[in-house]
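So the structure is just underneath, and the comments pick up after that.
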Amino acid sequence: MKAAVYYENGPPNVFKYEDVEDPACLPEGIVIEVGAVSIEGGDTLNRARGELATVPHIVGYQAAGTIIEVGEKVTDLKPGQRVTTVNFAGSHAEKRSVFARTAWAIPDSMDIRTAAAIPVPFGTAHDCLFEFGRLQKGETVLVQAGAGAVGLAAIQLAKRAGATVIATASSDDRLEKLREFGMDHGINYRTQDLVAEVKRLTDNQGVNLVVDPVGGSTLQKSVLSLGYRGRISMVGQAGREEMKLDVSTMMAGNQSLSGVFLGAEIFTDRVHNNIQKMIGEIAKGELKVVLDKNFALKDAAAAHEFIENRKAFGRVTLTP
């Protein structure tokens, strides 16, 4: 099969488009013919500095496609079925092998690019808001990097739950686009003082919850944006800055900071069933996956560069 591989960490141009061996099917797993790859923020970080579990390495968390092989211990999936999948690597290829537990059936009517972009962003956003963020109706949530896939999912889910939603983005144009997904108030973090704006919008009370996929200096601003008993769900380091954080202000406000990693519980019934439920809601139009540009698999380097230049609104995809 063809795959976008690399032999060493580095910028997007480390990618090579090469022939590699087809992946083996695990007894508890499936192999799919990939129809679309959703490029995650973690994919770009892993390419830049993550561990190379294999050499050459195929990066990538998410891909959707059609099952072409089923392991002997798998009873609930079959060849020919369309699924969306998650694994810790291997999405940037024409075929991928995953555990059946990290595959979700998708409706025949669902666009394959849409399906590829569901599990990680929506599963992560839901955990940030509810499992670890304990969001309640009537509370106020700040979603950092609202134009990213996790941000867009979090805005929709928080608004549906009855929260007031404040979101940040790098331009007024991006903020305007977020309004249709449920954002009540937008903050341009390039031109506005984020913490001052949060205080102004909340009558100096601060927010109940922050979803922060950025980290670095943004995380410090998230801390300073909290109200009494406020919570932060920290879910990434998209800003790629060194993590330096002063948490001394959190004690007086009985505030809390939780790290969130969907992968730690990806095999649980809770996560599996929750993602399957949201796939159904997306199919019904109750939630929306936002897709940006699509690239051919052979152009993986250009796709990663497009993301790292912060040009994307929603998910960027690859198709073999």
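Lettering and numbering for the structure tokens are positional, with chains as A, B, ... in the shown order, residues counted from 1 in each chain, and ligands counted from 1 in the shown order.
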Out of stretch 48-132 of chain A, which residues get strand (DSSP E or B) from DSSP, as a ChimeraX atom specification?
/A:57,62-70,82-86,93,95-99,103-105
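Neighbours of A:Tyr7 closer than or equal to 8 Å, with only C-alpha atoms counted and sequence neighbours fewer than 5 positions away skipped, come out as Val14, Val55, Pro56 and His57 of chain A.
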Fewer than 4 positions away in the same chain doesn't count, so skip those; otherwise give me all residues within 6 Å of A:Met1, counting only C-alpha atoms, as a short mmCIF file (atom, residue, chain, number, x, y, z; two decimals) with N, CA and C atoms, in the first residue's frame.
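Writing the result to out-v4.cif gives the following:
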data_model
loop_
_atom_site.label_atom_id
_atom_site.label_comp_id
_atom_site.auth_asym_id
_atom_site.auth_seq_id
_atom_site.Cartn_x
_atom_site.Cartn_y
_atom_site.Cartn_z
N ASP A 19 5.75 3.15 -0.90
CA ASP A 19 5.12 1.84 -0.74
C ASP A 19 5.60 1.21 0.55
N VAL A 20 4.68 0.71 1.34
CA VAL A 20 5.02 0.00 2.57
C VAL A 20 4.17 -1.27 2.65
N ASP A 22 1.38 -3.92 3.80
CA ASP A 22 0.03 -3.80 4.32
C ASP A 22 0.02 -4.13 5.81
N GLU A 94 -3.14 4.06 2.94
CA GLU A 94 -4.28 3.53 2.19
C GLU A 94 -5.05 2.48 2.98
#
Restrict the calculation to only C-alpha atoms, then for each residue of stretch 12-115 of chain A with any atom at most 12 Å from an atom of stretch 122-134 of chain A give the closest atom pair and their distance in Å to one decimal, rows by chain and rising residue number, as JSON lines.
{"residue": "A:Glu40", "atom": "CA", "partner": "A:Thr124", "partner_atom": "CA", "distance": 11.8}
{"residue": "A:Val86", "atom": "CA", "partner": "A:Gly123", "partner_atom": "CA", "distance": 11.2}
{"residue": "A:Thr102", "atom": "CA", "partner": "A:Gly123", "partner_atom": "CA", "distance": 12.0}
{"residue": "A:Thr114", "atom": "CA", "partner": "A:Phe122", "partner_atom": "CA", "distance": 11.8}
{"residue": "A:Ala115", "atom": "CA", "partner": "A:Phe122", "partner_atom": "CA", "distance": 11.2}
Which residues come within 7 Å of stretch 226-239 of chain A, counting only C-alpha atoms, excluding same-chain residues fewer than 6 positions away, as a ChimeraX atom specification?
/A:41,128,132-133,205-216,253-261
Just list as a PyMOL selection string whatever in stretch 145-290 of chain A DSSP marks as alpha helix (DSSP H).
chain A and resi 149-160+172-178+194-201+216-224+269-283
Hey, can you spit out that residue selection with N, CA and C atoms as a short mmCIF file (atom, residue, chain, number, x, y, z; two decimals), in the first residue's frame?
data_model
loop_
_atom_site.label_atom_id
_atom_site.label_comp_id
_atom_site.auth_asym_id
_atom_site.auth_seq_id
_atom_site.Cartn_x
_atom_site.Cartn_y
_atom_site.Cartn_z
N ALA A 149 -11.09 21.97 15.75
CA ALA A 149 -12.11 20.93 15.75
C ALA A 149 -12.66 20.67 17.15
N VAL A 150 -11.78 20.60 18.16
CA VAL A 150 -12.25 20.42 19.53
C VAL A 150 -13.06 21.63 19.97
N GLY A 151 -12.58 22.82 19.61
CA GLY A 151 -13.29 24.04 19.97
C GLY A 151 -14.68 24.09 19.37
N LEU A 152 -14.80 23.77 18.09
CA LEU A 152 -16.09 23.79 17.42
C LEU A 152 -17.06 22.77 18.02
N ALA A 153 -16.54 21.61 18.37
CA ALA A 153 -17.39 20.61 19.02
C ALA A 153 -17.81 21.07 20.41
N ALA A 154 -16.87 21.66 21.16
CA ALA A 154 -17.16 22.12 22.52
C ALA A 154 -18.20 23.24 22.52
N ILE A 155 -18.10 24.16 21.58
CA ILE A 155 -19.07 25.25 21.49
C ILE A 155 -20.47 24.68 21.30
N GLN A 156 -20.62 23.76 20.37
CA GLN A 156 -21.94 23.18 20.09
C GLN A 156 -22.49 22.41 21.29
N LEU A 157 -21.65 21.59 21.90
CA LEU A 157 -22.10 20.77 23.02
C LEU A 157 -22.44 21.61 24.25
N ALA A 158 -21.63 22.64 24.49
CA ALA A 158 -21.88 23.51 25.65
C ALA A 158 -23.16 24.30 25.47
N LYS A 159 -23.36 24.83 24.27
CA LYS A 159 -24.58 25.61 24.01
C LYS A 159 -25.81 24.73 24.13
N ARG A 160 -25.73 23.51 23.62
CA ARG A 160 -26.85 22.58 23.70
C ARG A 160 -27.19 22.25 25.15
N ASP A 172 -11.40 38.47 13.76
CA ASP A 172 -12.82 38.78 13.87
C ASP A 172 -13.63 37.95 12.89
N ASP A 173 -13.06 37.65 11.73
CA ASP A 173 -13.76 36.84 10.74
C ASP A 173 -14.03 35.44 11.28
N ARG A 174 -13.05 34.85 11.92
CA ARG A 174 -13.24 33.52 12.50
C ARG A 174 -14.29 33.57 13.60
N LEU A 175 -14.25 34.60 14.42
CA LEU A 175 -15.22 34.71 15.49
C LEU A 175 -16.64 34.82 14.94
N GLU A 176 -16.79 35.56 13.87
CA GLU A 176 -18.12 35.71 13.28
C GLU A 176 -18.66 34.37 12.80
N LYS A 177 -17.79 33.54 12.25
CA LYS A 177 -18.20 32.21 11.79
C LYS A 177 -18.65 31.32 12.96
N LEU A 178 -18.09 31.56 14.14
CA LEU A 178 -18.41 30.71 15.29
C LEU A 178 -19.81 30.97 15.84
N LEU A 194 -7.41 39.13 26.70
CA LEU A 194 -8.33 38.02 26.92
C LEU A 194 -8.93 38.05 28.32
N VAL A 195 -8.08 38.17 29.32
CA VAL A 195 -8.57 38.11 30.70
C VAL A 195 -9.48 39.29 31.00
N ALA A 196 -9.09 40.48 30.56
CA ALA A 196 -9.93 41.66 30.79
C ALA A 196 -11.29 41.52 30.12
N GLU A 197 -11.32 40.95 28.91
CA GLU A 197 -12.57 40.76 28.20
C GLU A 197 -13.46 39.75 28.91
N VAL A 198 -12.86 38.67 29.39
CA VAL A 198 -13.63 37.68 30.14
C VAL A 198 -14.26 38.33 31.37
N LYS A 199 -13.48 39.11 32.09
CA LYS A 199 -14.01 39.77 33.29
C LYS A 199 -15.14 40.73 32.92
N ARG A 200 -14.98 41.45 31.81
CA ARG A 200 -16.01 42.39 31.39
C ARG A 200 -17.30 41.66 31.01
N LEU A 201 -17.16 40.57 30.29
CA LEU A 201 -18.33 39.83 29.82
C LEU A 201 -19.05 39.09 30.94
N GLY A 216 0.68 26.35 27.08
CA GLY A 216 1.64 27.45 27.06
C GLY A 216 1.13 28.67 27.80
N SER A 217 1.41 29.85 27.27
CA SER A 217 0.99 31.09 27.91
C SER A 217 -0.53 31.25 27.92
N THR A 218 -1.21 30.60 26.99
CA THR A 218 -2.68 30.66 26.97
C THR A 218 -3.27 30.02 28.21
N LEU A 219 -2.65 28.95 28.68
CA LEU A 219 -3.16 28.28 29.88
C LEU A 219 -3.11 29.21 31.09
N GLN A 220 -2.10 30.04 31.16
CA GLN A 220 -2.03 31.00 32.27
C GLN A 220 -3.21 31.97 32.22
N LYS A 221 -3.57 32.40 31.02
CA LYS A 221 -4.72 33.29 30.86
C LYS A 221 -6.02 32.56 31.21
N SER A 222 -6.06 31.28 30.93
CA SER A 222 -7.23 30.49 31.32
C SER A 222 -7.39 30.47 32.83
N VAL A 223 -6.28 30.29 33.54
CA VAL A 223 -6.32 30.29 35.00
C VAL A 223 -6.85 31.62 35.51
N LEU A 224 -6.37 32.72 34.96
CA LEU A 224 -6.75 34.05 35.42
C LEU A 224 -8.18 34.42 35.00
N ASP A 269 -16.47 1.32 27.91
CA ASP A 269 -17.84 1.38 27.41
C ASP A 269 -18.33 2.82 27.37
N ARG A 270 -17.98 3.58 28.39
CA ARG A 270 -18.46 4.96 28.48
C ARG A 270 -18.07 5.76 27.24
N VAL A 271 -16.80 5.75 26.90
CA VAL A 271 -16.32 6.52 25.76
C VAL A 271 -16.84 5.95 24.45
N HIS A 272 -16.79 4.62 24.31
CA HIS A 272 -17.24 4.01 23.06
C HIS A 272 -18.71 4.35 22.79
N ASN A 273 -19.54 4.18 23.80
CA ASN A 273 -20.97 4.43 23.62
C ASN A 273 -21.27 5.90 23.40
N ASN A 274 -20.51 6.75 24.07
CA ASN A 274 -20.72 8.20 23.92
C ASN A 274 -20.40 8.65 22.49
N ILE A 275 -19.30 8.16 21.94
CA ILE A 275 -18.93 8.53 20.57
C ILE A 275 -19.95 7.98 19.58
N GLN A 276 -20.41 6.74 19.79
CA GLN A 276 -21.42 6.18 18.90
C GLN A 276 -22.71 7.00 18.93
N LYS A 277 -23.07 7.49 20.11
CA LYS A 277 -24.26 8.31 20.25
C LYS A 277 -24.11 9.62 19.47
N MET A 278 -22.94 10.24 19.56
CA MET A 278 -22.74 11.50 18.86
C MET A 278 -22.67 11.31 17.35
N ILE A 279 -22.18 10.15 16.89
CA ILE A 279 -22.23 9.86 15.46
C ILE A 279 -23.68 9.89 14.98
N GLY A 280 -24.57 9.30 15.77
CA GLY A 280 -25.98 9.32 15.43
C GLY A 280 -26.56 10.71 15.42
N GLU A 281 -26.15 11.53 16.37
CA GLU A 281 -26.65 12.91 16.45
C GLU A 281 -26.14 13.75 15.27
N ILE A 282 -24.92 13.50 14.86
CA ILE A 282 -24.38 14.21 13.69
C ILE A 282 -25.12 13.77 12.43
N ALA A 283 -25.40 12.47 12.33
CA ALA A 283 -26.15 11.97 11.17
C ALA A 283 -27.53 12.62 11.07
#
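The environment of stretch 24-31 of chain A within 9 Å, counting only C-alpha atoms and disregarding residues fewer than 2 places along the same chain, consists of Glu21, Asp22, Glu33, Thr66, Ile67, Ile68, Glu69, Val70, Gly71, Glu72, Lys73, Val74, Leu77, Lys78, Pro79, Lys95, Arg96, Ser97, Val98, Phe99, Ala100, Arg101, Thr102 and Ala103 of chain A.
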What lies within 9 Å of A:Asn13 using only C-alpha atoms, ignoring chain neighbours under 6 positions off, as a VMD selection string?
chain A and resid 300 to 302 305
Find the spatial neighbours of A:Arg49, counting only C-alpha atoms, within a cut-off of 7 Å - ignore same-chain residues fewer than 3 positions away - and output them as a PDB file with all heavy atoms, in the first residue's frame.
ATOM      1  N   ASN A   9      11.894  12.845  12.938  1.00  0.00           N
ATOM      2  CA  ASN A   9      11.012  13.958  13.282  1.00  0.00           C
ATOM      3  C   ASN A   9      11.472  15.233  12.608  1.00  0.00           C
ATOM      4  O   ASN A   9      12.645  15.393  12.277  1.00  0.00           O
ATOM      5  CB  ASN A   9      10.982  14.167  14.801  1.00  0.00           C
ATOM      6  CG  ASN A   9      10.414  12.977  15.538  1.00  0.00           C
ATOM      7  OD1 ASN A   9      11.114  12.319  16.299  1.00  0.00           O
ATOM      8  ND2 ASN A   9       9.152  12.689  15.318  1.00  0.00           N
ATOM      9  N   GLY A  10      10.524  16.146  12.427  1.00  0.00           N
ATOM     10  CA  GLY A  10      10.892  17.416  11.837  1.00  0.00           C
ATOM     11  C   GLY A  10       9.699  18.147  11.265  1.00  0.00           C
ATOM     12  O   GLY A  10       8.543  17.824  11.571  1.00  0.00           O
ATOM     13  N   LEU A  45       1.969  17.333  16.052  1.00  0.00           N
ATOM     14  CA  LEU A  45       2.932  17.337  17.162  1.00  0.00           C
ATOM     15  C   LEU A  45       3.789  16.085  17.149  1.00  0.00           C
ATOM     16  O   LEU A  45       5.009  16.144  17.383  1.00  0.00           O
ATOM     17  CB  LEU A  45       2.190  17.466  18.494  1.00  0.00           C
ATOM     18  CG  LEU A  45       1.549  18.820  18.781  1.00  0.00           C
ATOM     19  CD1 LEU A  45       0.657  18.743  20.010  1.00  0.00           C
ATOM     20  CD2 LEU A  45       2.614  19.897  18.976  1.00  0.00           C
ATOM     21  N   ASN A  46       3.171  14.929  16.884  1.00  0.00           N
ATOM     22  CA  ASN A  46       3.932  13.677  16.841  1.00  0.00           C
ATOM     23  C   ASN A  46       4.933  13.672  15.704  1.00  0.00           C
ATOM     24  O   ASN A  46       6.061  13.176  15.848  1.00  0.00           O
ATOM     25  CB  ASN A  46       2.974  12.490  16.715  1.00  0.00           C
ATOM     26  CG  ASN A  46       2.328  12.127  18.032  1.00  0.00           C
ATOM     27  OD1 ASN A  46       2.955  12.219  19.073  1.00  0.00           O
ATOM     28  ND2 ASN A  46       1.077  11.721  17.994  1.00  0.00           N
TER      29      ASN A  46
END
With distances taken over only C-alpha atoms, which residue among A:Gly42, A:Val289, A:Gln62, A:Ala93 lies nearest A:Val5?
A:Ala93
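Across A:His92, A:Lys244, A:Arg113, A:Lys288, the tightest approach to A:Thr44 is made by A:His92 when counting only C-alpha atoms.
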Using only C-alpha atoms, the residue out of A:Val34, A:Ala3, A:Ile187, A:Met110 with shortest distance to A:Ala147 is A:Ile187
Selected residue of minimal separation from A:Lys293 among A:Pro23, A:Val120, A:Ser38, A:Val141, counting only C-alpha atoms:
A:Ser38
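Between atom CA of A:Gly314 and atom CA of A:Gly65 the separation is 20.2 Å.
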